[in-house]
file start_7.cif (mmCIF, N, CA and C atoms)
data_protein
#
loop_
_atom_site.label_atom_id
_atom_site.label_comp_id
_atom_site.auth_asym_id
_atom_site.auth_seq_id
_atom_site.Cartn_x
_atom_site.Cartn_y
_atom_site.Cartn_z
N GLN O 746 -19.22 19.82 3.07
CA GLN O 746 -20.31 19.05 3.68
C GLN O 746 -19.94 18.70 5.11
N VAL O 747 -20.96 18.72 5.96
CA VAL O 747 -20.80 18.36 7.37
C VAL O 747 -21.80 17.26 7.68
N GLN O 748 -21.33 16.21 8.34
CA GLN O 748 -22.22 15.15 8.79
C GLN O 748 -22.32 15.19 10.30
N LEU O 749 -23.54 15.01 10.80
CA LEU O 749 -23.80 15.06 12.24
C LEU O 749 -24.52 13.79 12.66
N VAL O 750 -24.07 13.19 13.76
CA VAL O 750 -24.70 11.99 14.28
C VAL O 750 -24.99 12.19 15.76
N GLU O 751 -26.27 12.12 16.12
CA GLU O 751 -26.68 12.26 17.51
C GLU O 751 -26.73 10.90 18.19
N SER O 752 -26.53 10.90 19.50
CA SER O 752 -26.68 9.69 20.30
C SER O 752 -27.05 10.10 21.72
N GLY O 753 -27.57 9.13 22.48
CA GLY O 753 -27.85 9.37 23.89
C GLY O 753 -29.31 9.55 24.24
N GLY O 754 -30.19 9.49 23.26
CA GLY O 754 -31.61 9.62 23.58
C GLY O 754 -32.13 8.38 24.29
N GLY O 755 -33.38 8.46 24.76
CA GLY O 755 -33.97 7.32 25.43
C GLY O 755 -35.16 7.70 26.27
N LEU O 756 -35.56 6.77 27.13
CA LEU O 756 -36.71 6.95 28.01
C LEU O 756 -36.21 7.22 29.43
N VAL O 757 -36.76 8.25 30.05
CA VAL O 757 -36.36 8.59 31.41
C VAL O 757 -37.59 9.08 32.17
N GLN O 758 -37.59 8.88 33.48
CA GLN O 758 -38.69 9.38 34.30
C GLN O 758 -38.52 10.87 34.56
N ALA O 759 -39.62 11.52 34.82
CA ALA O 759 -39.58 12.94 35.16
C ALA O 759 -38.65 13.16 36.35
N GLY O 760 -37.84 14.22 36.24
CA GLY O 760 -36.86 14.51 37.26
C GLY O 760 -35.50 13.90 36.99
N GLY O 761 -35.44 13.02 36.02
CA GLY O 761 -34.19 12.35 35.68
C GLY O 761 -33.31 13.16 34.75
N SER O 762 -32.21 12.53 34.32
CA SER O 762 -31.23 13.20 33.47
C SER O 762 -30.86 12.34 32.27
N LEU O 763 -30.45 13.01 31.21
CA LEU O 763 -29.91 12.35 30.02
C LEU O 763 -28.85 13.28 29.44
N ARG O 764 -27.90 12.69 28.72
CA ARG O 764 -26.92 13.48 28.00
C ARG O 764 -26.92 13.07 26.54
N LEU O 765 -27.15 14.05 25.69
CA LEU O 765 -27.08 13.84 24.25
C LEU O 765 -25.70 14.23 23.74
N SER O 766 -25.25 13.50 22.73
CA SER O 766 -23.98 13.82 22.07
C SER O 766 -24.23 14.01 20.59
N CYS O 767 -23.43 14.87 19.98
CA CYS O 767 -23.51 15.10 18.54
C CYS O 767 -22.09 15.14 18.00
N ALA O 768 -21.75 14.13 17.22
CA ALA O 768 -20.42 14.04 16.64
C ALA O 768 -20.44 14.59 15.22
N ALA O 769 -19.54 15.51 14.93
CA ALA O 769 -19.46 16.12 13.61
C ALA O 769 -18.28 15.56 12.83
N SER O 770 -18.47 15.43 11.53
CA SER O 770 -17.39 14.98 10.65
C SER O 770 -17.53 15.71 9.31
N GLY O 771 -16.50 15.58 8.49
CA GLY O 771 -16.51 16.27 7.20
C GLY O 771 -15.78 17.59 7.29
N SER O 772 -16.36 18.63 6.75
CA SER O 772 -15.72 19.96 6.70
C SER O 772 -15.92 20.70 8.01
N ILE O 773 -15.40 20.11 9.09
CA ILE O 773 -15.64 20.66 10.42
C ILE O 773 -14.89 21.95 10.67
N PHE O 774 -13.83 22.21 9.91
CA PHE O 774 -13.04 23.42 10.13
C PHE O 774 -13.85 24.68 9.88
N SER O 775 -14.92 24.54 9.11
CA SER O 775 -15.72 25.71 8.74
C SER O 775 -16.90 25.96 9.67
N ILE O 776 -17.09 25.09 10.66
CA ILE O 776 -18.23 25.24 11.57
C ILE O 776 -17.96 26.37 12.55
N ASN O 777 -18.87 27.33 12.66
CA ASN O 777 -18.68 28.41 13.63
C ASN O 777 -19.64 28.33 14.81
N ALA O 778 -20.68 27.53 14.69
CA ALA O 778 -21.59 27.35 15.82
C ALA O 778 -22.34 26.04 15.65
N MET O 779 -22.72 25.47 16.78
CA MET O 779 -23.55 24.25 16.77
C MET O 779 -24.65 24.42 17.80
N GLY O 780 -25.67 23.61 17.64
CA GLY O 780 -26.78 23.75 18.57
C GLY O 780 -27.68 22.55 18.60
N TRP O 781 -28.65 22.64 19.48
CA TRP O 781 -29.68 21.61 19.62
C TRP O 781 -31.05 22.25 19.44
N TYR O 782 -31.88 21.59 18.68
CA TYR O 782 -33.27 21.97 18.48
C TYR O 782 -34.11 20.75 18.85
N ARG O 783 -35.38 20.96 19.07
CA ARG O 783 -36.27 19.83 19.34
C ARG O 783 -37.62 20.05 18.68
N GLN O 784 -38.27 18.93 18.41
CA GLN O 784 -39.59 18.97 17.81
C GLN O 784 -40.47 17.95 18.49
N ALA O 785 -41.48 18.43 19.17
CA ALA O 785 -42.45 17.57 19.84
C ALA O 785 -43.57 17.23 18.84
N PRO O 786 -44.28 16.13 19.08
CA PRO O 786 -45.37 15.75 18.17
C PRO O 786 -46.38 16.88 17.99
N GLY O 787 -46.67 17.19 16.74
CA GLY O 787 -47.66 18.21 16.43
C GLY O 787 -47.19 19.64 16.61
N LYS O 788 -45.91 19.81 16.92
CA LYS O 788 -45.38 21.16 17.14
C LYS O 788 -44.24 21.46 16.17
N GLU O 789 -43.91 22.74 16.07
CA GLU O 789 -42.81 23.14 15.22
C GLU O 789 -41.47 22.91 15.93
N ARG O 790 -40.43 22.79 15.12
CA ARG O 790 -39.10 22.65 15.69
C ARG O 790 -38.71 23.95 16.39
N GLU O 791 -38.10 23.81 17.57
CA GLU O 791 -37.74 24.99 18.35
C GLU O 791 -36.31 24.90 18.85
N LEU O 792 -35.72 26.07 19.04
CA LEU O 792 -34.36 26.15 19.54
C LEU O 792 -34.30 25.69 20.99
N VAL O 793 -33.27 24.92 21.32
CA VAL O 793 -33.02 24.53 22.71
C VAL O 793 -31.78 25.27 23.22
N ALA O 794 -30.67 25.13 22.52
CA ALA O 794 -29.43 25.77 22.96
C ALA O 794 -28.44 25.82 21.80
N THR O 795 -27.56 26.83 21.84
CA THR O 795 -26.51 26.93 20.84
C THR O 795 -25.19 27.25 21.52
N ILE O 796 -24.09 26.96 20.83
CA ILE O 796 -22.76 27.27 21.34
C ILE O 796 -21.85 27.59 20.18
N THR O 797 -21.03 28.63 20.34
CA THR O 797 -20.07 28.95 19.29
C THR O 797 -18.82 28.09 19.48
N THR O 798 -18.21 27.70 18.38
CA THR O 798 -17.08 26.78 18.47
C THR O 798 -15.81 27.48 18.92
N SER O 799 -15.69 28.77 18.68
CA SER O 799 -14.46 29.46 19.04
C SER O 799 -14.48 29.93 20.49
N SER O 800 -15.43 30.76 20.84
CA SER O 800 -15.46 31.34 22.18
C SER O 800 -16.25 30.51 23.19
N GLY O 801 -17.08 29.61 22.70
CA GLY O 801 -17.91 28.82 23.61
C GLY O 801 -19.09 29.59 24.17
N ARG O 802 -19.44 30.69 23.53
CA ARG O 802 -20.60 31.46 24.00
C ARG O 802 -21.86 30.65 23.80
N THR O 803 -22.73 30.64 24.81
CA THR O 803 -23.92 29.81 24.78
C THR O 803 -25.19 30.65 24.79
N ASN O 804 -26.26 30.03 24.34
CA ASN O 804 -27.58 30.66 24.30
C ASN O 804 -28.60 29.56 24.57
N TYR O 805 -29.61 29.86 25.41
CA TYR O 805 -30.60 28.85 25.79
C TYR O 805 -32.02 29.38 25.61
N ALA O 806 -32.92 28.47 25.30
CA ALA O 806 -34.33 28.80 25.35
C ALA O 806 -34.72 28.98 26.81
N ASP O 807 -35.67 29.89 27.05
CA ASP O 807 -36.09 30.15 28.43
C ASP O 807 -36.60 28.89 29.11
N SER O 808 -37.23 28.01 28.35
CA SER O 808 -37.85 26.82 28.92
C SER O 808 -36.83 25.82 29.48
N VAL O 809 -35.56 25.95 29.10
CA VAL O 809 -34.56 24.98 29.56
C VAL O 809 -33.45 25.62 30.40
N LYS O 810 -33.48 26.93 30.54
CA LYS O 810 -32.45 27.62 31.33
C LYS O 810 -32.41 27.08 32.75
N GLY O 811 -31.21 26.80 33.23
CA GLY O 811 -31.05 26.28 34.58
C GLY O 811 -31.19 24.77 34.68
N ARG O 812 -31.66 24.12 33.61
CA ARG O 812 -31.82 22.67 33.63
C ARG O 812 -30.91 21.98 32.60
N PHE O 813 -30.71 22.62 31.47
CA PHE O 813 -29.90 22.04 30.38
C PHE O 813 -28.59 22.80 30.27
N THR O 814 -27.54 22.08 29.88
CA THR O 814 -26.24 22.69 29.64
C THR O 814 -25.66 22.17 28.34
N ILE O 815 -25.30 23.09 27.46
CA ILE O 815 -24.65 22.73 26.21
C ILE O 815 -23.15 22.93 26.38
N SER O 816 -22.37 22.00 25.84
CA SER O 816 -20.92 22.12 25.92
C SER O 816 -20.30 21.51 24.67
N ARG O 817 -19.01 21.76 24.51
CA ARG O 817 -18.34 21.25 23.31
C ARG O 817 -16.98 20.69 23.67
N ASP O 818 -16.53 19.75 22.87
CA ASP O 818 -15.18 19.22 22.97
C ASP O 818 -14.62 19.33 21.56
N ASN O 819 -13.87 20.39 21.30
CA ASN O 819 -13.37 20.64 19.95
C ASN O 819 -12.40 19.54 19.50
N ALA O 820 -11.69 18.95 20.43
CA ALA O 820 -10.74 17.88 20.06
C ALA O 820 -11.47 16.66 19.52
N LYS O 821 -12.69 16.44 20.03
CA LYS O 821 -13.49 15.29 19.58
C LYS O 821 -14.55 15.68 18.56
N ASN O 822 -14.59 16.98 18.22
CA ASN O 822 -15.61 17.47 17.27
C ASN O 822 -17.01 17.08 17.72
N THR O 823 -17.25 17.23 18.99
CA THR O 823 -18.51 16.76 19.58
C THR O 823 -19.12 17.85 20.45
N VAL O 824 -20.44 17.96 20.36
CA VAL O 824 -21.21 18.86 21.21
C VAL O 824 -22.14 18.01 22.07
N TYR O 825 -22.31 18.43 23.29
CA TYR O 825 -23.14 17.69 24.24
C TYR O 825 -24.31 18.55 24.72
N LEU O 826 -25.36 17.88 25.14
CA LEU O 826 -26.46 18.55 25.80
C LEU O 826 -26.79 17.75 27.05
N GLN O 827 -26.41 18.29 28.19
CA GLN O 827 -26.75 17.66 29.47
C GLN O 827 -28.11 18.16 29.90
N MET O 828 -29.02 17.24 30.09
CA MET O 828 -30.40 17.58 30.43
C MET O 828 -30.72 17.04 31.81
N ASN O 829 -30.99 17.94 32.74
CA ASN O 829 -31.34 17.57 34.11
C ASN O 829 -32.76 18.01 34.43
N SER O 830 -33.29 17.45 35.49
CA SER O 830 -34.65 17.80 35.94
C SER O 830 -35.63 17.75 34.78
N LEU O 831 -35.59 16.67 34.05
CA LEU O 831 -36.43 16.55 32.84
C LEU O 831 -37.91 16.51 33.20
N LYS O 832 -38.69 17.09 32.31
CA LYS O 832 -40.14 17.16 32.47
C LYS O 832 -40.81 16.45 31.30
N PRO O 833 -42.04 15.99 31.48
CA PRO O 833 -42.74 15.35 30.36
C PRO O 833 -42.81 16.25 29.12
N GLU O 834 -42.89 17.55 29.33
CA GLU O 834 -42.95 18.46 28.18
C GLU O 834 -41.63 18.60 27.44
N ASP O 835 -40.58 17.99 27.95
CA ASP O 835 -39.31 17.93 27.22
C ASP O 835 -39.29 16.80 26.20
N THR O 836 -40.32 15.97 26.21
CA THR O 836 -40.40 14.88 25.25
C THR O 836 -40.41 15.41 23.83
N ALA O 837 -39.49 14.94 23.01
CA ALA O 837 -39.35 15.43 21.64
C ALA O 837 -38.24 14.66 20.93
N VAL O 838 -38.16 14.87 19.64
CA VAL O 838 -36.97 14.46 18.90
C VAL O 838 -36.00 15.63 18.93
N TYR O 839 -34.80 15.35 19.37
CA TYR O 839 -33.77 16.39 19.50
C TYR O 839 -32.82 16.29 18.32
N TYR O 840 -32.64 17.43 17.66
CA TYR O 840 -31.79 17.50 16.48
C TYR O 840 -30.56 18.36 16.76
N CYS O 841 -29.44 17.89 16.29
CA CYS O 841 -28.21 18.66 16.34
C CYS O 841 -28.07 19.42 15.03
N ASP O 842 -27.57 20.65 15.11
CA ASP O 842 -27.32 21.39 13.88
C ASP O 842 -25.95 22.07 13.93
N ALA O 843 -25.42 22.33 12.77
CA ALA O 843 -24.14 23.02 12.65
C ALA O 843 -24.26 24.13 11.63
N ASN O 844 -23.73 25.29 11.99
CA ASN O 844 -23.71 26.44 11.09
C ASN O 844 -22.31 26.55 10.51
N SER O 845 -22.23 26.32 9.21
CA SER O 845 -20.93 26.34 8.54
C SER O 845 -21.00 27.37 7.42
N GLY O 846 -20.42 28.54 7.67
CA GLY O 846 -20.41 29.59 6.65
C GLY O 846 -21.80 30.02 6.22
N GLY O 847 -22.73 29.99 7.16
CA GLY O 847 -24.09 30.41 6.86
C GLY O 847 -24.99 29.30 6.36
N ARG O 848 -24.42 28.15 6.13
CA ARG O 848 -25.21 26.99 5.69
C ARG O 848 -25.45 26.10 6.91
N PHE O 849 -26.66 25.59 7.02
CA PHE O 849 -27.02 24.78 8.18
C PHE O 849 -27.11 23.30 7.80
N TYR O 850 -26.54 22.48 8.67
CA TYR O 850 -26.59 21.03 8.51
C TYR O 850 -27.32 20.45 9.72
N TRP O 851 -28.01 19.33 9.49
CA TRP O 851 -28.80 18.71 10.54
C TRP O 851 -28.47 17.24 10.68
N GLY O 852 -28.57 16.74 11.92
CA GLY O 852 -28.51 15.32 12.16
C GLY O 852 -29.90 14.72 11.97
N LYS O 853 -29.98 13.40 12.14
CA LYS O 853 -31.25 12.71 11.93
C LYS O 853 -32.15 12.74 13.15
N GLY O 854 -31.60 13.14 14.29
CA GLY O 854 -32.41 13.28 15.49
C GLY O 854 -32.28 12.14 16.46
N ALA O 855 -32.54 12.46 17.73
CA ALA O 855 -32.54 11.46 18.80
C ALA O 855 -33.80 11.66 19.63
N LEU O 856 -34.55 10.58 19.84
CA LEU O 856 -35.81 10.67 20.56
C LEU O 856 -35.56 10.66 22.07
N VAL O 857 -36.14 11.65 22.73
CA VAL O 857 -36.12 11.71 24.19
C VAL O 857 -37.56 11.65 24.67
N THR O 858 -37.84 10.67 25.53
CA THR O 858 -39.18 10.50 26.07
C THR O 858 -39.10 10.60 27.58
N VAL O 859 -39.87 11.51 28.16
CA VAL O 859 -39.89 11.71 29.60
C VAL O 859 -41.26 11.28 30.12
N SER O 860 -41.27 10.27 30.95
CA SER O 860 -42.53 9.75 31.49
C SER O 860 -42.85 10.43 32.82
N SER O 861 -44.14 10.59 33.07
CA SER O 861 -44.57 11.27 34.31
C SER O 861 -44.76 10.29 35.45
#

call {"tool": "encode", "arguments": {"input": "start_7.cif", "output": "structure tokens"}}
result
Amino acid sequence: QVQLVESGGGLVQAGGSLRLSCAASGSIFSINAMGWYRQAPGKERELVATITTSSGRTNYADSVKGRFTISRDNAKNTVYLQMNSLKPEDTAVYYCDANSGGRFYWGKGALVTVSS
């Protein structure tokens, strides 16, 4: 079992920045990738960014490329999402996920609200 806890959400004006953190605990040795997804009101959950725990290879949704950066600190078992140049359309609940041996675990989410 893997437990994930997100933090760092909040309210920010358009053009501003926020950093989300996701701390993993439990069977962390088996995690091979982690990522961030988001779900806006009335919309389906969508991929934001992913990172592999070994090589640090990253993948981003086109909508956030150049604005968001995913990173990891393996010593702290934590993944971060640095969000810059935020737009109102980035408003959503952001979920952290971990892929452990093909099984996916999710955090409870962190609300990010971007005002215009």

call {"tool": "resolve_selection", "arguments": {"input": "start_7.cif", "expression": "the PyMOL selection byres ((chain O and resi 759) around 6.5)", "output": "list in words"}}
result
Val757, Gln758, Gly760, Gly761, Ser830, Leu831, Lys832, Pro833, Val859, Ser860 and Ser861 of chain O

call {"tool": "closest_residue", "arguments": {"input": "start_7.cif", "among": "O:Arg848, O:Glu791, O:Phe813, O:Tyr839", "to": "O:Gly754", "atoms": "all atoms listed in the file"}}
result
O:Tyr839

call {"tool": "closest_residue", "arguments": {"input": "start_7.cif", "among": "O:Pro786, O:Ala820, O:Met828, O:Gly854", "to": "O:Cys841", "atoms": "all atoms listed in the file"}}
result
O:Gly854

call {"tool": "select_by_dssp", "arguments": {"input": "start_7.cif", "residues": "chain O", "states": "strand (DSSP E)", "output": "PyMOL selection string"}}
result
chain O and resi 747-752+755-758+763-771+776-784+791-797+803-805+813-818+823-828+837-845+848-851+855-860

call {"tool": "resolve_selection", "arguments": {"input": "start_7.cif", "expression": "the PyMOL selection byres ((chain O and resi 770-776) around 6.5)", "output": "list in words"}}
result
Gln746, Val747, Gln748, Leu749, Val750, Ala768, Ala769, Asn777, Ala778, Met779, Thr798, Ala843, Asn844, Ser845 and Gly846 of chain O

call {"tool": "decode", "arguments": {"input": "start_7.cif", "residues": "stretch 810-833 of chain O", "atoms": "N, CA and C atoms", "output": "mmCIF file, in the first residue's frame"}}
result
data_model
loop_
_atom_site.group_PDB
_atom_site.id
_atom_site.type_symbol
_atom_site.label_atom_id
_atom_site.label_comp_id
_atom_site.auth_asym_id
_atom_site.auth_seq_id
_atom_site.Cartn_x
_atom_site.Cartn_y
_atom_site.Cartn_z
ATOM 1 N N LYS O 810 2.960 22.740 -20.767
ATOM 2 C CA LYS O 810 4.374 22.759 -21.163
ATOM 3 C C LYS O 810 4.921 24.180 -21.144
ATOM 4 N N GLY O 811 6.094 24.339 -20.558
ATOM 5 C CA GLY O 811 6.711 25.645 -20.480
ATOM 6 C C GLY O 811 6.266 26.471 -19.285
ATOM 7 N N ARG O 812 5.218 26.031 -18.591
ATOM 8 C CA ARG O 812 4.724 26.765 -17.420
ATOM 9 C C ARG O 812 4.862 25.954 -16.131
ATOM 10 N N PHE O 813 4.673 24.648 -16.234
ATOM 11 C CA PHE O 813 4.723 23.767 -15.058
ATOM 12 C C PHE O 813 5.981 22.915 -15.114
ATOM 13 N N THR O 814 6.519 22.603 -13.938
ATOM 14 C CA THR O 814 7.676 21.723 -13.840
ATOM 15 C C THR O 814 7.449 20.701 -12.743
ATOM 16 N N ILE O 815 7.584 19.432 -13.092
ATOM 17 C CA ILE O 815 7.479 18.365 -12.114
ATOM 18 C C ILE O 815 8.892 17.944 -11.715
ATOM 19 N N SER O 816 9.078 17.687 -10.425
ATOM 20 C CA SER O 816 10.386 17.253 -9.940
ATOM 21 C C SER O 816 10.191 16.303 -8.767
ATOM 22 N N ARG O 817 11.277 15.662 -8.386
ATOM 23 C CA ARG O 817 11.177 14.693 -7.295
ATOM 24 C C ARG O 817 12.370 14.828 -6.365
ATOM 25 N N ASP O 818 12.147 14.457 -5.123
ATOM 26 C CA ASP O 818 13.218 14.369 -4.130
ATOM 27 C C ASP O 818 13.084 12.978 -3.542
ATOM 28 N N ASN O 819 13.872 12.040 -4.053
ATOM 29 C CA ASN O 819 13.735 10.649 -3.622
ATOM 30 C C ASN O 819 14.087 10.479 -2.143
ATOM 31 N N ALA O 820 14.975 11.309 -1.634
ATOM 32 C CA ALA O 820 15.347 11.204 -0.216
ATOM 33 C C ALA O 820 14.173 11.550 0.692
ATOM 34 N N LYS O 821 13.305 12.445 0.204
ATOM 35 C CA LYS O 821 12.140 12.852 0.993
ATOM 36 C C LYS O 821 10.861 12.148 0.539
ATOM 37 N N ASN O 822 10.993 11.280 -0.471
ATOM 38 C CA ASN O 822 9.816 10.573 -1.011
ATOM 39 C C ASN O 822 8.730 11.564 -1.408
ATOM 40 N N THR O 823 9.140 12.627 -2.038
ATOM 41 C CA THR O 823 8.217 13.720 -2.356
ATOM 42 C C THR O 823 8.357 14.124 -3.820
ATOM 43 N N VAL O 824 7.224 14.410 -4.434
ATOM 44 C CA VAL O 824 7.176 14.939 -5.789
ATOM 45 C C VAL O 824 6.559 16.332 -5.728
ATOM 46 N N TYR O 825 7.076 17.205 -6.549
ATOM 47 C CA TYR O 825 6.612 18.594 -6.570
ATOM 48 C C TYR O 825 6.047 18.955 -7.945
ATOM 49 N N LEU O 826 5.175 19.935 -7.944
ATOM 50 C CA LEU O 826 4.703 20.516 -9.190
ATOM 51 C C LEU O 826 4.790 22.027 -9.042
ATOM 52 N N GLN O 827 5.770 22.607 -9.702
ATOM 53 C CA GLN O 827 5.911 24.063 -9.721
ATOM 54 C C GLN O 827 5.070 24.614 -10.846
ATOM 55 N N MET O 828 4.144 25.477 -10.510
ATOM 56 C CA MET O 828 3.211 26.025 -11.487
ATOM 57 C C MET O 828 3.427 27.524 -11.598
ATOM 58 N N ASN O 829 3.847 27.965 -12.770
ATOM 59 C CA ASN O 829 4.079 29.379 -13.041
ATOM 60 C C ASN O 829 3.127 29.880 -14.107
ATOM 61 N N SER O 830 3.011 31.186 -14.193
ATOM 62 C CA SER O 830 2.143 31.815 -15.207
ATOM 63 C C SER O 830 0.762 31.171 -15.204
ATOM 64 N N LEU O 831 0.198 31.049 -14.035
ATOM 65 C CA LEU O 831 -1.099 30.366 -13.898
ATOM 66 C C LEU O 831 -2.208 31.137 -14.596
ATOM 67 N N LYS O 832 -3.142 30.368 -15.129
ATOM 68 C CA LYS O 832 -4.287 30.915 -15.850
ATOM 69 C C LYS O 832 -5.572 30.479 -15.158
ATOM 70 N N PRO O 833 -6.656 31.223 -15.334
ATOM 71 C CA PRO O 833 -7.921 30.801 -14.731
ATOM 72 C C PRO O 833 -8.319 29.382 -15.128
#
